[in-house]
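*Asks:* Sharing query22.cif below, mmCIF, C-alpha atoms:
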```cif
data_protein
#
loop_
_atom_site.label_atom_id
_atom_site.label_comp_id
_atom_site.auth_asym_id
_atom_site.auth_seq_id
_atom_site.Cartn_x
_atom_site.Cartn_y
_atom_site.Cartn_z
CA MET A 1 36.26 -4.03 18.75
CA ASN A 2 35.99 -3.14 22.43
CA SER A 3 35.58 0.50 21.62
CA ILE A 4 32.71 -0.33 19.26
CA PHE A 5 30.96 -2.31 22.02
CA ARG A 6 31.59 0.49 24.48
CA TYR A 7 30.17 3.01 22.04
CA LEU A 8 27.10 0.83 21.40
CA LYS A 9 26.62 0.35 25.15
CA ASN A 10 26.74 4.11 25.66
CA LYS A 11 24.24 4.65 22.88
CA LEU A 12 21.98 1.73 23.83
CA HIS A 13 19.09 4.02 24.75
CA VAL A 14 19.23 5.78 21.36
CA LEU A 15 19.36 2.45 19.50
CA LEU A 16 16.51 1.06 21.57
CA PHE A 17 14.44 4.19 21.02
CA LEU A 18 15.00 4.09 17.25
CA LEU A 19 14.25 0.36 17.04
CA ILE A 20 11.00 0.73 18.99
CA GLU A 21 9.92 3.73 16.90
CA ILE A 22 10.63 1.84 13.66
CA PHE A 23 8.62 -1.12 14.99
CA CYS A 24 5.76 1.23 15.90
CA ILE A 25 5.77 2.94 12.51
CA ILE A 26 5.67 -0.44 10.74
CA SER A 27 2.79 -1.54 13.00
CA ILE A 28 0.90 1.71 12.38
CA VAL A 29 1.26 1.39 8.61
CA ARG A 30 0.37 -2.31 8.58
CA VAL A 31 -2.58 -2.32 10.95
CA ASN A 32 -4.26 1.10 10.78
CA ARG A 33 -6.21 1.50 7.55
CA TYR A 34 -6.09 5.27 7.19
CA GLN A 35 -2.35 5.50 7.87
CA SER A 36 -1.75 2.54 5.59
CA ALA A 37 -3.68 4.14 2.71
CA PHE A 38 -1.84 7.45 3.24
CA TYR A 39 1.55 5.72 3.29
CA PHE A 40 0.97 3.52 0.28
CA SER A 41 -0.60 6.22 -1.90
CA ASN A 42 2.29 8.60 -1.20
CA THR A 43 5.05 6.04 -1.60
CA ARG A 44 3.44 4.80 -4.81
CA LYS A 45 3.42 8.35 -6.15
CA ALA A 46 7.08 8.84 -5.20
CA ALA A 47 8.05 5.43 -6.57
CA GLY A 48 6.16 6.17 -9.78
CA LYS A 49 8.08 9.41 -10.25
CA MET A 50 11.40 7.68 -9.54
CA LEU A 51 10.62 4.85 -11.94
CA GLU A 52 9.66 7.36 -14.61
CA VAL A 53 12.99 9.18 -14.24
CA ASN A 54 14.81 5.85 -14.29
CA HIS A 55 12.85 4.80 -17.35
CA SER A 56 13.52 8.06 -19.19
CA ILE A 57 17.27 7.50 -18.70
CA PHE A 58 17.37 3.85 -19.71
CA ASP A 59 14.79 4.30 -22.46
CA TYR A 60 17.35 6.29 -24.41
CA PHE A 61 19.60 3.24 -24.71
CA GLY A 62 16.76 1.12 -26.07
CA LEU A 63 15.84 3.52 -28.85
CA TYR A 64 17.49 1.45 -31.57
CA GLN A 65 15.44 -1.63 -30.74
CA LYS A 66 12.30 0.42 -30.35
CA ASN A 67 12.84 1.95 -33.79
CA GLN A 68 13.25 -1.51 -35.24
CA THR A 69 9.99 -2.69 -33.69
CA LEU A 70 8.14 0.40 -34.89
CA SER A 71 9.50 0.15 -38.42
CA ASN A 72 8.49 -3.53 -38.54
CA GLU A 73 5.03 -2.59 -37.41
CA ASN A 74 4.91 0.22 -39.99
CA LEU A 75 5.87 -2.26 -42.66
CA LEU A 76 3.08 -4.57 -41.60
CA LEU A 77 0.56 -1.73 -41.64
CA ARG A 78 1.79 -0.47 -45.02
CA LYS A 79 1.18 -3.92 -46.43
CA GLN A 80 -2.43 -3.59 -45.37
CA LEU A 81 -2.93 -0.23 -47.11
CA LYS A 82 -5.66 -0.05 -49.71
CA ASP A 83 -3.11 0.98 -52.39
CA ASN A 84 -1.48 -2.41 -52.16
CA TYR A 85 -4.60 -4.19 -53.28
CA VAL A 86 -6.18 -4.56 -56.72
CA ILE A 87 -9.90 -4.85 -57.13
CA GLU A 88 -10.62 -8.17 -58.77
CA SER A 89 -14.38 -7.95 -58.86
CA ARG A 90 -15.99 -5.41 -61.12
CA LYS A 91 -19.18 -5.32 -59.15
CA VAL A 92 -19.99 -2.01 -57.52
CA PHE A 93 -21.16 -1.95 -53.92
CA THR A 94 -22.80 0.92 -52.15
CA VAL A 95 -21.67 0.80 -48.56
CA ASN A 96 -23.34 2.83 -45.91
CA ASP A 97 -20.64 4.21 -43.61
CA THR A 98 -22.74 3.60 -40.55
CA VAL A 99 -22.36 -0.13 -41.07
CA TYR A 100 -18.96 0.03 -39.41
CA LYS A 101 -18.76 1.30 -35.93
CA GLN A 102 -15.48 1.58 -34.11
CA ARG A 103 -15.22 -1.10 -31.41
CA PHE A 104 -11.76 -0.58 -29.94
CA GLU A 105 -9.75 2.49 -29.08
CA TYR A 106 -6.01 2.37 -28.35
CA ILE A 107 -4.03 4.37 -25.82
CA PRO A 108 -0.24 4.24 -26.24
CA ALA A 109 1.81 3.94 -23.05
CA GLU A 110 5.37 3.36 -21.90
CA VAL A 111 6.42 0.60 -19.52
CA ILE A 112 8.17 2.10 -16.51
CA ALA A 113 8.50 -0.99 -14.33
CA ASN A 114 8.35 -4.67 -15.16
CA THR A 115 9.16 -8.00 -13.53
CA ILE A 116 9.53 -11.40 -15.16
CA ASN A 117 11.14 -13.50 -12.47
CA LEU A 118 8.29 -13.73 -9.94
CA GLN A 119 5.36 -16.12 -9.70
CA ASN A 120 2.99 -13.20 -10.27
CA ASN A 121 4.49 -10.53 -12.47
CA TYR A 122 3.13 -7.04 -12.93
CA ILE A 123 3.95 -4.20 -15.29
CA THR A 124 3.61 -0.51 -14.44
CA ILE A 125 2.76 1.86 -17.29
CA ASN A 126 2.82 5.66 -17.36
CA ARG A 127 -0.83 6.19 -18.25
CA GLY A 128 -3.71 6.20 -15.81
CA SER A 129 -7.28 7.31 -15.32
CA SER A 130 -6.39 10.79 -16.67
CA SER A 131 -5.79 9.13 -20.06
CA GLY A 132 -9.12 7.28 -19.88
CA ILE A 133 -7.73 3.96 -18.69
CA GLU A 134 -9.94 1.79 -16.51
CA LYS A 135 -9.61 -1.55 -14.77
CA ASP A 136 -9.85 -4.64 -17.01
CA PHE A 137 -8.67 -2.91 -20.20
CA GLY A 138 -6.47 -5.17 -22.32
CA VAL A 139 -2.83 -4.39 -23.08
CA PHE A 140 -0.70 -5.48 -26.01
CA SER A 141 2.62 -4.50 -27.52
CA PRO A 142 3.60 -4.44 -31.20
CA GLU A 143 4.76 -8.06 -30.73
CA GLY A 144 1.66 -9.42 -29.04
CA VAL A 145 -0.55 -9.75 -25.96
CA VAL A 146 0.90 -8.29 -22.75
CA GLY A 147 -1.84 -8.50 -20.13
CA ARG A 148 -4.77 -6.78 -18.51
CA ILE A 149 -5.09 -3.63 -16.37
CA ILE A 150 -5.62 -4.52 -12.72
CA ALA A 151 -5.26 -1.17 -10.91
CA VAL A 152 -5.37 2.44 -12.03
CA SER A 153 -4.23 5.66 -10.40
CA GLU A 154 -4.39 9.13 -11.94
CA ASN A 155 -1.20 8.82 -13.96
CA TYR A 156 -0.16 5.19 -13.68
CA SER A 157 -1.64 1.76 -14.17
CA ILE A 158 -0.64 -1.71 -13.08
CA VAL A 159 -0.94 -4.47 -15.64
CA THR A 160 -1.34 -8.16 -14.75
CA SER A 161 1.25 -9.58 -17.10
CA VAL A 162 0.70 -12.74 -19.16
CA LEU A 163 3.48 -14.02 -16.88
CA ASN A 164 1.14 -14.03 -13.90
CA SER A 165 -0.45 -17.14 -12.43
CA THR A 166 -3.84 -15.38 -12.22
CA PHE A 167 -3.89 -14.38 -15.89
CA LYS A 168 -6.02 -16.40 -18.31
CA LEU A 169 -7.04 -15.57 -21.87
CA GLY A 170 -9.19 -17.28 -24.46
CA CYS A 171 -7.27 -18.11 -27.64
CA LYS A 172 -7.69 -18.90 -31.29
CA ILE A 173 -5.52 -21.06 -33.54
CA GLU A 174 -4.83 -18.85 -36.54
CA GLU A 175 -4.24 -21.67 -39.03
CA MET A 176 -7.50 -23.41 -38.07
CA ASN A 177 -9.39 -20.17 -37.54
CA GLN A 178 -11.05 -21.71 -34.49
CA ALA A 179 -11.32 -20.32 -31.00
CA LYS A 180 -9.97 -22.95 -28.63
CA GLY A 181 -8.53 -23.21 -25.15
CA THR A 182 -6.92 -20.74 -22.81
CA ILE A 183 -3.38 -19.75 -21.94
CA HIS A 184 -2.00 -19.88 -18.43
CA TRP A 185 1.52 -19.33 -17.15
CA ALA A 186 2.83 -22.07 -14.86
CA GLY A 187 5.47 -19.75 -13.44
CA ARG A 188 8.69 -21.25 -14.74
CA ASP A 189 10.10 -19.99 -18.02
CA PRO A 190 9.21 -16.39 -19.04
CA ASN A 191 9.50 -17.40 -22.72
CA PHE A 192 6.94 -20.20 -22.64
CA ILE A 193 3.31 -20.49 -21.61
CA ASP A 194 0.90 -23.40 -21.23
CA TYR A 195 -1.92 -23.72 -23.70
CA LEU A 196 -4.73 -25.51 -21.90
CA GLU A 197 -8.10 -27.10 -22.56
CA VAL A 198 -7.36 -28.22 -26.12
CA ASN A 199 -8.97 -31.56 -26.74
CA LYS A 200 -6.46 -34.19 -27.81
CA TYR A 201 -8.67 -35.13 -30.75
CA GLU A 202 -7.98 -31.78 -32.40
CA GLN A 203 -5.52 -31.85 -35.28
CA ILE A 204 -3.02 -29.29 -34.19
CA LYS A 205 0.63 -29.09 -35.20
CA LYS A 206 3.85 -27.60 -33.96
CA GLY A 207 4.37 -24.14 -35.44
CA TYR A 208 0.70 -23.13 -35.39
CA HIS A 209 0.14 -19.52 -34.33
CA ILE A 210 -1.92 -18.76 -31.25
CA VAL A 211 -3.73 -15.42 -31.31
CA SER A 212 -6.36 -13.71 -29.21
CA SER A 213 -9.88 -15.06 -29.49
CA PRO A 214 -12.73 -13.09 -31.13
CA TYR A 215 -14.77 -13.59 -27.95
CA SER A 216 -12.46 -11.61 -25.71
CA GLN A 217 -14.06 -8.49 -24.29
CA TYR A 218 -10.82 -6.69 -23.61
CA LEU A 219 -8.61 -7.46 -26.61
CA PRO A 220 -9.23 -7.32 -30.33
CA GLU A 221 -9.11 -10.52 -32.32
CA ASN A 222 -5.87 -11.84 -33.86
CA ILE A 223 -3.35 -10.22 -31.51
CA PRO A 224 -0.40 -12.66 -31.51
CA ILE A 225 0.22 -14.68 -28.35
CA GLY A 226 2.84 -17.13 -29.54
CA VAL A 227 3.74 -20.19 -31.58
CA ILE A 228 3.15 -23.81 -30.55
CA ASP A 229 6.52 -25.22 -29.59
CA ARG A 230 5.82 -28.62 -27.99
CA ILE A 231 2.79 -30.90 -28.03
CA GLU A 232 2.48 -33.85 -25.67
CA THR A 233 -0.33 -36.25 -24.92
CA LYS A 234 -0.87 -38.21 -21.75
CA PRO A 235 -3.01 -41.34 -21.76
CA SER A 236 -4.77 -40.31 -18.58
CA ASP A 237 -5.62 -36.84 -19.82
CA GLY A 238 -8.22 -35.86 -22.36
CA PHE A 239 -6.30 -32.72 -23.27
CA TYR A 240 -3.00 -31.95 -24.92
CA THR A 241 -0.11 -30.59 -22.88
CA ILE A 242 1.04 -27.76 -25.11
CA LYS A 243 3.88 -25.32 -24.65
CA VAL A 244 3.66 -22.07 -26.58
CA LYS A 245 6.66 -19.85 -27.22
CA LEU A 246 5.53 -16.35 -26.40
CA ALA A 247 5.59 -13.74 -29.16
CA VAL A 248 6.49 -11.00 -26.69
CA ASN A 249 9.92 -10.82 -25.12
CA PHE A 250 8.79 -9.62 -21.71
CA GLY A 251 12.33 -8.77 -20.67
CA LYS A 252 12.57 -6.06 -23.32
CA ILE A 253 9.05 -4.72 -23.42
CA SER A 254 8.85 -0.92 -23.62
CA THR A 255 5.93 0.46 -25.65
CA VAL A 256 2.44 -0.94 -25.18
CA TYR A 257 -1.10 -0.12 -26.27
CA VAL A 258 -4.02 -0.13 -23.87
CA VAL A 259 -7.27 -1.30 -25.47
CA LYS A 260 -10.58 0.31 -24.69
CA ASN A 261 -13.58 -1.71 -25.77
CA LEU A 262 -16.22 0.91 -26.59
CA PHE A 263 -19.02 -1.65 -26.29
CA ASN A 264 -17.84 -3.27 -23.08
CA LYS A 265 -20.20 -1.34 -20.81
CA GLU A 266 -23.15 -2.25 -23.01
CA VAL A 267 -22.19 -5.93 -22.86
CA GLU A 268 -21.71 -5.76 -19.10
CA GLU A 269 -25.11 -4.12 -18.59
CA LEU A 270 -26.70 -6.81 -20.70
CA ALA A 271 -25.02 -9.52 -18.62
CA LYS A 272 -26.16 -7.76 -15.45
CA LYS A 273 -29.75 -7.68 -16.70
CA LEU A 274 -29.54 -11.35 -17.52
CA LYS A 275 -28.36 -12.11 -14.00
CA GLU A 276 -31.16 -10.04 -12.47
CA ASN A 277 -33.75 -11.80 -14.60
CA ALA A 278 -32.35 -15.18 -13.63
CA ARG A 279 -32.96 -14.49 -9.93
CA MET B 1 11.14 -1.30 45.60
CA ILE B 2 8.32 -3.86 45.29
CA PHE B 3 5.95 -1.42 46.94
CA ASP B 4 6.89 1.16 44.29
CA ILE B 5 6.25 -1.30 41.46
CA VAL B 6 2.85 -2.24 42.88
CA LYS B 7 2.02 1.46 43.36
CA TYR B 8 2.84 2.32 39.75
CA LEU B 9 1.07 -0.79 38.45
CA GLY B 10 -2.01 0.28 40.39
CA LEU B 11 -1.83 3.78 38.91
CA TYR B 12 -1.42 2.31 35.43
CA CYS B 13 -4.44 0.02 35.84
CA LEU B 14 -6.52 2.91 37.18
CA LEU B 15 -5.62 5.13 34.22
CA ILE B 16 -6.24 2.37 31.67
CA ALA B 17 -9.62 1.62 33.30
CA LEU B 18 -10.56 5.32 33.25
CA GLN B 19 -9.45 5.65 29.63
CA VAL B 20 -11.20 2.51 28.41
CA PHE B 21 -14.38 2.56 30.46
CA VAL B 22 -14.97 6.27 31.12
CA ILE B 23 -13.21 8.66 28.72
CA SER B 24 -13.86 6.64 25.57
CA ASN B 25 -17.54 6.26 26.50
CA VAL B 26 -18.24 9.86 27.47
CA ASN B 27 -20.20 11.58 24.76
CA ILE B 28 -20.25 15.19 25.84
CA ALA B 29 -22.82 17.34 24.05
CA ASN B 30 -20.62 19.23 21.68
CA PRO B 31 -22.54 21.97 19.86
CA VAL B 32 -19.47 23.48 18.13
CA GLY B 33 -18.35 20.11 16.80
CA LEU B 34 -14.90 20.18 18.40
CA TYR B 35 -13.19 16.86 18.60
CA PHE B 36 -11.08 15.90 21.59
CA GLN B 37 -9.70 12.77 23.13
CA PRO B 38 -7.71 13.20 26.36
CA GLN B 39 -4.99 10.60 26.79
CA LEU B 40 -4.66 9.99 30.51
CA LEU B 41 -1.77 7.55 30.13
CA VAL B 42 0.64 10.44 29.79
CA MET B 43 0.19 11.03 33.55
CA PHE B 44 1.66 7.60 34.26
CA LEU B 45 4.70 8.35 32.10
CA LEU B 46 5.26 11.72 33.77
CA LEU B 47 5.06 10.32 37.29
CA LEU B 48 7.47 7.41 36.79
CA PRO B 49 10.38 7.72 39.23
CA PRO B 50 13.21 10.00 38.06
CA ARG B 51 15.88 7.50 39.17
CA MET B 52 14.81 5.05 36.47
CA SER B 53 17.50 4.41 33.87
CA HIS B 54 16.98 5.75 30.37
CA VAL B 55 16.68 2.27 28.85
CA TRP B 56 14.09 1.13 31.40
CA LEU B 57 12.14 4.34 30.98
CA ILE B 58 11.92 3.70 27.22
CA ILE B 59 10.94 0.05 27.71
CA VAL B 60 8.26 0.80 30.33
CA SER B 61 6.84 3.65 28.22
CA PHE B 62 6.70 1.45 25.14
CA ALA B 63 4.99 -1.39 27.03
CA ALA B 64 2.48 1.03 28.57
CA GLY B 65 1.57 2.45 25.17
CA LEU B 66 1.41 -0.95 23.51
CA ILE B 67 -1.09 -2.29 26.08
CA LEU B 68 -3.31 0.77 25.58
CA ASP B 69 -3.11 0.22 21.82
CA MET B 70 -4.48 -3.27 22.29
CA PHE B 71 -7.60 -1.86 23.91
CA PHE B 72 -8.20 0.70 21.17
CA ASN B 73 -7.06 -1.41 18.21
CA SER B 74 -4.73 1.41 17.21
CA MET B 75 -1.65 -0.78 16.98
CA GLY B 76 1.51 1.27 17.41
CA ILE B 77 0.15 4.82 17.74
CA ASN B 78 0.13 5.10 21.54
CA ALA B 79 3.27 2.96 21.75
CA ALA B 80 5.16 5.32 19.43
CA VAL B 81 4.07 8.44 21.32
CA CYS B 82 4.72 6.92 24.77
CA THR B 83 8.20 5.82 23.71
CA LEU B 84 8.96 9.32 22.48
CA ILE B 85 7.74 10.83 25.76
CA GLY B 86 9.76 8.30 27.78
CA TYR B 87 12.87 9.03 25.71
CA LEU B 88 12.61 12.81 26.02
CA ARG B 89 11.44 12.85 29.64
CA TYR B 90 14.74 11.41 30.83
CA TYR B 91 16.64 14.52 29.74
CA VAL B 92 14.35 16.75 31.81
CA THR B 93 14.27 14.65 34.98
CA ARG B 94 17.71 12.97 35.09
CA ASP B 95 19.26 15.55 37.43
CA ILE B 96 16.21 16.06 39.59
CA GLU B 97 17.08 13.22 41.97
CA LYS B 98 20.23 14.99 43.14
CA GLU B 99 18.38 18.24 43.69
CA ILE B 100 15.50 16.81 45.71
CA SER B 101 17.14 13.95 47.58
CA SER B 102 18.58 16.31 50.18
CA ARG B 103 15.16 17.58 51.17
CA GLU B 104 13.22 15.62 53.71
CA GLU B 105 9.71 15.85 52.38
CA ASP B 106 9.02 12.18 51.82
CA ASN B 107 5.29 12.52 52.02
CA LYS B 108 5.30 14.42 48.74
CA ILE B 109 5.55 12.95 45.27
CA TRP B 110 8.80 13.92 43.55
CA THR B 111 7.11 16.20 41.01
CA SER B 112 5.96 18.52 43.79
CA LYS B 113 9.37 18.91 45.36
CA LYS B 114 10.61 21.51 42.85
CA GLY B 115 7.69 23.80 43.28
CA ARG B 116 4.45 24.43 41.44
CA PRO B 117 5.78 26.47 38.47
CA TRP B 118 8.25 23.71 37.54
CA LYS B 119 5.61 21.00 37.96
CA TRP B 120 3.02 22.80 35.87
CA THR B 121 5.51 23.60 33.10
CA TYR B 122 6.69 19.97 33.13
CA PHE B 123 3.16 18.60 32.92
CA ILE B 124 1.85 21.05 30.32
CA THR B 125 4.89 20.65 28.03
CA PHE B 126 4.76 16.86 27.92
CA ILE B 127 0.96 16.59 27.85
CA LEU B 128 0.90 19.05 24.93
CA LEU B 129 3.68 17.15 23.15
CA TYR B 130 1.92 13.83 23.70
CA HIS B 131 -1.38 15.06 22.28
CA PHE B 132 0.27 16.92 19.42
CA VAL B 133 2.20 13.84 18.23
CA PHE B 134 -0.77 11.56 18.89
CA VAL B 135 -3.20 13.71 16.88
CA MET B 136 -0.64 14.22 14.10
CA ILE B 137 -0.14 10.47 13.67
CA GLU B 138 -3.87 9.84 13.90
CA SER B 139 -4.97 12.57 11.50
CA LEU B 140 -1.76 12.83 9.43
CA GLY B 141 -2.14 16.60 9.41
CA LYS B 142 -5.59 16.58 7.85
CA ASN B 143 -7.60 19.74 8.68
CA PHE B 144 -4.65 20.92 10.77
CA PHE B 145 -6.01 24.28 11.95
CA VAL B 146 -9.72 23.47 11.93
CA ILE B 147 -9.80 20.11 13.72
CA SER B 148 -6.34 18.83 14.69
CA MET B 149 -4.98 21.83 16.61
CA PRO B 150 -8.19 22.56 18.59
CA ALA B 151 -8.29 18.84 19.45
CA VAL B 152 -4.70 19.03 20.73
CA PHE B 153 -5.35 22.09 22.90
CA ILE B 154 -8.68 20.93 24.36
CA SER B 155 -7.32 17.45 25.10
CA THR B 156 -4.22 18.98 26.69
CA ILE B 157 -6.26 21.23 28.99
CA ILE B 158 -8.56 18.39 30.07
CA THR B 159 -5.67 15.99 30.67
CA PHE B 160 -3.71 18.63 32.59
CA ILE B 161 -6.65 19.39 34.90
CA PHE B 162 -7.25 15.68 35.39
CA THR B 163 -3.56 14.99 36.11
CA ILE B 164 -3.27 17.76 38.69
CA THR B 165 -6.51 16.69 40.41
CA LEU B 166 -5.70 13.00 40.48
CA GLU B 167 -2.16 13.61 41.62
CA ASP B 168 -3.44 15.72 44.53
CA LEU B 169 -5.99 13.05 45.43
CA ILE B 170 -3.53 10.16 45.35
CA TYR B 171 -0.43 11.81 46.74
CA LYS B 172 -2.10 14.12 49.25
CA PRO B 173 0.44 15.07 51.94
CA SER B 174 -0.45 13.46 55.21
CA LYS B 175 -1.42 15.88 57.94
CA SER B 176 0.96 15.11 60.72
#
```
Please re-express this file's structure in structure tokens.
*Replies:*
Amino acid sequence: MNSIFRYLKNKLHVLLFLLIEIFCIISIVRVNRYQSAFYFSNTRKAAGKMLEVNHSIFDYFGLYQKNQTLSNENLLLRKQLKDNYVIESRKVFTVNDTVYKQRFEYIPAEVIANTINLQNNYITINRGSSSGIEKDFGVFSPEGVVGRIIAVSENYSIVTSVLNSTFKLGCKIEEMNQAKGTIHWAGRDPNFIDYLEVNKYEQIKKGYHIVSSPYSQYLPENIPIGVIDRIETKPSDGFYTIKVKLAVNFGKISTVYVVKNLFNKEVEELAKKLKENAR
Amino acid sequence: MIFDIVKYLGLYCLLIALQVFVISNVNIANPVGLYFQPQLLVMFLLLLPPRMSHVWLIIVSFAAGLILDMFFNSMGINAAVCTLIGYLRYYVTRDIEKEISSREEDNKIWTSKKGRPWKWTYFITFILLYHFVFVMIESLGKNFFVISMPAVFISTIITFIFTITLEDLIYKPSKS
């Protein structure tokens, strides 16, 4: 023990020098904007690469589950194929192809980092601006809604997860076919989410499916969110207290789709014009 | 001892005042667009007494840099460079006390007692190192050959001339 103290005493100047330099480097990075931007952009790049390597290793072990999810999704899509349907009406319609215009485009991506145990959880995906992703694009997985893009670099994007206290999304009750309320995570259980602003005079039941609303600008309609698990009413409150079991298991999320709303800019410009006119 | 502390504090205040009120406000007409920023504080670090212990030298250098950082809102940059200079300077000047203590030339500052070539090499090396590290941290190597290196050399030359002149003015040998 004495020899350790003696050694430390002899090397006190080196220790002091290193401590001061570390303190200075932390101060430089925290206070000076240019150095801070340089540090964070480079460490993010390095961390992104490391996470990608890590993901590529661990992704291999999750292939079985991923195959299961994809085959389930394939099954669902097969069911929707035209061949599965019989024409009941004998009437003939002439449909102009230009009636339908594509509204959403999907960009597949892999999750390379994900948290579920924080108050504000974020997901990192391996697609960025080079794949056409922009801020505020919606994200969903084959199981359901995942979140919204909050930051984009060239090759990576950060997604505000549904399990984030800042995330809110308008919803629809599938069985009632009515857009109602919003979801918001209270930050406790990663399997459940609060379903807010549903008037207690609505006739809703346990087991109803909550899906994305048709009025969302960043997600298509009918993307599953979850199933109503508990409904409570409080005399003092005009709204139900509803717990929804999330459709997505955020602990095992791996493949996601980023949604690009092709009309979003048009809608935004319109809203901007409206604001300008209101002034 | 107390006289020495007051003397060095005075020098420090003078250099800080010159840096803050003069150097940072001088806008020399610069037709070639060369950037330079002489850091006069390095003179204070180089003139600190050679008998100071290594630990104290590091602490004083760090404190000196940190105070300058507060004036320029560059938290940590000057402190990091000053600490490095203080740390390295010890290895150059630790044996000098033994060599010069035998000579009876007390009216001279210790840097002058080993002769001009040593003094000039000592000053130029550390002033160059200070500006190189300072500019590297500030610019992070951006435009290294076009802006950073010319800035280092010009600042070094100006600081060296200033250091030599001020040292001669302050520590002028008394004519007895």
*Asks:* Taking a cut-off of 10 Å and counting only C-alpha atoms, can you build a table that, for each residue of chain A near chain B, reports the nearest atom pair and how far apart they are in Å (one decimal), sorted by chain then residue number, as JSON lines?
*Replies:*
```
{"residue": "A:Lys11", "atom": "CA", "partner": "B:Val55", "partner_atom": "CA", "distance": 9.9}
{"residue": "A:Leu12", "atom": "CA", "partner": "B:Val55", "partner_atom": "CA", "distance": 7.3}
{"residue": "A:His13", "atom": "CA", "partner": "B:Val55", "partner_atom": "CA", "distance": 5.1}
{"residue": "A:Val14", "atom": "CA", "partner": "B:Tyr87", "partner_atom": "CA", "distance": 8.4}
{"residue": "A:Leu15", "atom": "CA", "partner": "B:Val55", "partner_atom": "CA", "distance": 9.7}
{"residue": "A:Leu16", "atom": "CA", "partner": "B:Val55", "partner_atom": "CA", "distance": 7.4}
{"residue": "A:Phe17", "atom": "CA", "partner": "B:Ile58", "partner_atom": "CA", "distance": 6.7}
{"residue": "A:Leu18", "atom": "CA", "partner": "B:Thr83", "partner_atom": "CA", "distance": 9.5}
{"residue": "A:Ile20", "atom": "CA", "partner": "B:Ala80", "partner_atom": "CA", "distance": 7.4}
{"residue": "A:Glu21", "atom": "CA", "partner": "B:Ala80", "partner_atom": "CA", "distance": 5.6}
{"residue": "A:Ile22", "atom": "CA", "partner": "B:Ala80", "partner_atom": "CA", "distance": 8.7}
{"residue": "A:Phe23", "atom": "CA", "partner": "B:Gly76", "partner_atom": "CA", "distance": 7.9}
{"residue": "A:Cys24", "atom": "CA", "partner": "B:Gly76", "partner_atom": "CA", "distance": 4.5}
{"residue": "A:Ile25", "atom": "CA", "partner": "B:Gly76", "partner_atom": "CA", "distance": 6.7}
{"residue": "A:Ile26", "atom": "CA", "partner": "B:Gly76", "partner_atom": "CA", "distance": 8.0}
{"residue": "A:Ser27", "atom": "CA", "partner": "B:Gly76", "partner_atom": "CA", "distance": 5.4}
{"residue": "A:Ile28", "atom": "CA", "partner": "B:Gly76", "partner_atom": "CA", "distance": 5.1}
{"residue": "A:Val29", "atom": "CA", "partner": "B:Gly76", "partner_atom": "CA", "distance": 8.8}
{"residue": "A:Arg30", "atom": "CA", "partner": "B:Met75", "partner_atom": "CA", "distance": 8.8}
{"residue": "A:Val31", "atom": "CA", "partner": "B:Met75", "partner_atom": "CA", "distance": 6.3}
{"residue": "A:Asn32", "atom": "CA", "partner": "B:Ser74", "partner_atom": "CA", "distance": 6.5}
{"residue": "A:Arg33", "atom": "CA", "partner": "B:Ser74", "partner_atom": "CA", "distance": 9.8}
{"residue": "A:Tyr34", "atom": "CA", "partner": "B:Glu138", "partner_atom": "CA", "distance": 8.4}
{"residue": "A:Gln35", "atom": "CA", "partner": "B:Leu140", "partner_atom": "CA", "distance": 7.5}
{"residue": "A:Phe38", "atom": "CA", "partner": "B:Leu140", "partner_atom": "CA", "distance": 8.2}
{"residue": "A:Tyr39", "atom": "CA", "partner": "B:Leu140", "partner_atom": "CA", "distance": 10.0}
```
*Asks:* List the spatial neighbours of Asp95 of chain B as an MDAnalysis selection string - criterion: any atom at most 12 Å away, all atoms listed in the file, same-chain residues fewer than 6 positions off excluded.
*Replies:* chainID B and resid 49:53 89 101 114
*Asks:* Neighbours of Ile210 of chain A within 7 Å (only C-alpha atoms; same-chain residues fewer than 2 positions away dropped), as JSON, numbers by chain?
*Replies:* {"A": [171, 172, 173, 174, 208, 224, 225, 226, 227]}
*Asks:* Any idea what's packed within 6 Å of segment 152-163 of chain B, counting only C-alpha atoms, ignoring anything in its chain fewer than 4 positions away? Could you give it as a CSV table (one decimal) with C-alpha atoms, in the frame of the given file?
*Replies:*
```csv
chain,number,residue,atom,x,y,z
B,36,PHE,CA,-11.1,15.9,21.6
B,37,GLN,CA,-9.7,12.8,23.1
B,38,PRO,CA,-7.7,13.2,26.4
B,127,ILE,CA,1.0,16.6,27.8
B,128,LEU,CA,0.9,19.0,24.9
B,131,HIS,CA,-1.4,15.1,22.3
B,132,PHE,CA,0.3,16.9,19.4
B,167,GLU,CA,-2.2,13.6,41.6
```
*Asks:* Give me the residues within 10 Å of segment 63-79 of chain A as a PDB file with C-alpha atoms, keeping the file's coordinate frame, counting only C-alpha atoms and dropping any in the same chain fewer than 5 places off.
*Replies:*
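selection.pdb, freshly written:
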```pdb
ATOM      1  CA  PHE A  58      17.370   3.850 -19.710  1.00  0.00           C
ATOM      2  CA  ASN A  84      -1.480  -2.410 -52.160  1.00  0.00           C
ATOM      3  CA  TYR A  85      -4.600  -4.190 -53.280  1.00  0.00           C
ATOM      4  CA  SER A 141       2.620  -4.500 -27.520  1.00  0.00           C
ATOM      5  CA  PRO A 142       3.600  -4.440 -31.200  1.00  0.00           C
ATOM      6  CA  GLU A 143       4.760  -8.060 -30.730  1.00  0.00           C
ATOM      7  CA  LYS A 252      12.570  -6.060 -23.320  1.00  0.00           C
ATOM      8  CA  ILE A 253       9.050  -4.720 -23.420  1.00  0.00           C
ATOM      9  CA  SER A 254       8.850  -0.920 -23.620  1.00  0.00           C
ATOM     10  CA  THR A 255       5.930   0.460 -25.650  1.00  0.00           C
TER      11      THR A 255
END
```
